Amino acid sequence: MNTMVSRGLWALAAVLSVGVALVSYRYLAPGALIPPDIGKNLFARPWLLLHAGFAATALLLGPAQFLPKLRARRPGLHRAMGRIYVAACLIGGAAGLVLAAGTNAGPIAVAGFGVLAVLWIYATAQAWRLAMQRRFTEHRRWMIRSFALTFAAVTLRLYLPFGPMLGYEFLEAYRVISWLAWVPNLIVAELYLARGRVRAAEPAPAAA
């Protein structure tokens, strides 16, 4: 039953990730409309395009990196996708940090999105470093943390409709969501890791 639940949660996360990624790519289209509140960001251009494009790529690739059969049977593909994922997270995180500084939602949102960007870059860099050192069990633990932060792009969009429903103005809700989008994700990831779900005995691929 636990295996079935895990597979179901993975499938749900994958579907949501792909859906949000494909929608986010719309920002890259010529003449794409940017929502007014987001467009007021001081650094929306070109940083929003960089952030949206690379974060969407990380969302697309992230779920596949957790498939054991892919790691075992196609290690070369796993490595290639992993490199693209890492690059997408690092560039998307750097752009996100700039956008956090330019938000018009106030210092609470600046801090929320800024801390998210820093932790996203750090967790991904740690995962990459450990993979290069062939410390695969630790690598997978940091990849889980990295994707929990990547998944903030999904949870943010899930929370956004609740602000108006509860009678809050967009910017009021946005300040709360700047933290709510990623803190629970990271807590869930840490609880998962604390239960020892990442198996040290799982065979490692030929390279990270």
# chains A, B, ... in the order shown; residues from 1 in each chain; ligands from 1

call {"tool": "residues_around", "arguments": {"residues": "Ala94 in chain A", "least_positions_apart": "4", "cutoff": "10 Å", "atoms": "only C-alpha atoms", "output": "number ranges by chain"}}
result
A: 47, 50-51, 88-90, 98-100, 114, 117-118, 120-121

call {"tool": "write_last_selection", "arguments": {"atoms": "C-alpha atoms", "output": "PDB file, in the first residue's frame"}}
result
ATOM      1  CA  TRP A  47      14.649  38.419 -15.270  1.00  0.00           C
ATOM      2  CA  LEU A  50      14.868  33.826 -17.393  1.00  0.00           C
ATOM      3  CA  HIS A  51      13.216  32.688 -14.188  1.00  0.00           C
ATOM      4  CA  ALA A  88      17.995  25.253 -14.807  1.00  0.00           C
ATOM      5  CA  CYS A  89      17.735  25.467 -11.016  1.00  0.00           C
ATOM      6  CA  LEU A  90      20.891  27.544 -10.625  1.00  0.00           C
ATOM      7  CA  VAL A  98      16.848  39.310  -8.523  1.00  0.00           C
ATOM      8  CA  LEU A  99      13.052  39.240  -8.883  1.00  0.00           C
ATOM      9  CA  ALA A 100      12.660  38.904  -5.120  1.00  0.00           C
ATOM     10  CA  GLY A 114      14.770  35.721  -1.452  1.00  0.00           C
ATOM     11  CA  ALA A 117      15.980  31.434  -4.095  1.00  0.00           C
ATOM     12  CA  VAL A 118      19.066  31.109  -1.886  1.00  0.00           C
ATOM     13  CA  TRP A 120      17.051  26.471  -3.950  1.00  0.00           C
ATOM     14  CA  ILE A 121      20.491  27.337  -5.304  1.00  0.00           C
TER      15      ILE A 121
END

call {"tool": "residues_around", "arguments": {"residues": "Gly163 in chain A", "least_positions_apart": "2", "cutoff": "10 Å", "atoms": "only C-alpha atoms", "output": "count of residues only"}}
result
15

call {"tool": "closest_residue", "arguments": {"among": "A:Ala123, A:Ile34, A:Ala153, A:Ala131", "to": "Ala58 in chain A", "atoms": "only C-alpha atoms"}}
result
A:Ala153

call {"tool": "residues_around", "arguments": {"residues": "Val110 in chain A", "least_positions_apart": "3", "cutoff": "10 Å", "atoms": "only C-alpha atoms", "output": "ChimeraX atom specification"}}
result
/A:97-107,113-116,175,178

call {"tool": "atom_distance", "arguments": {"atom1": "CA of Glu190 in chain A", "atom2": "CA of Ser6 in chain A"}}
result
15.8 Å

call {"tool": "atom_distance", "arguments": {"atom1": "CA of Ala194 in chain A", "atom2": "CA of Arg141 in chain A"}}
result
10.2 Å
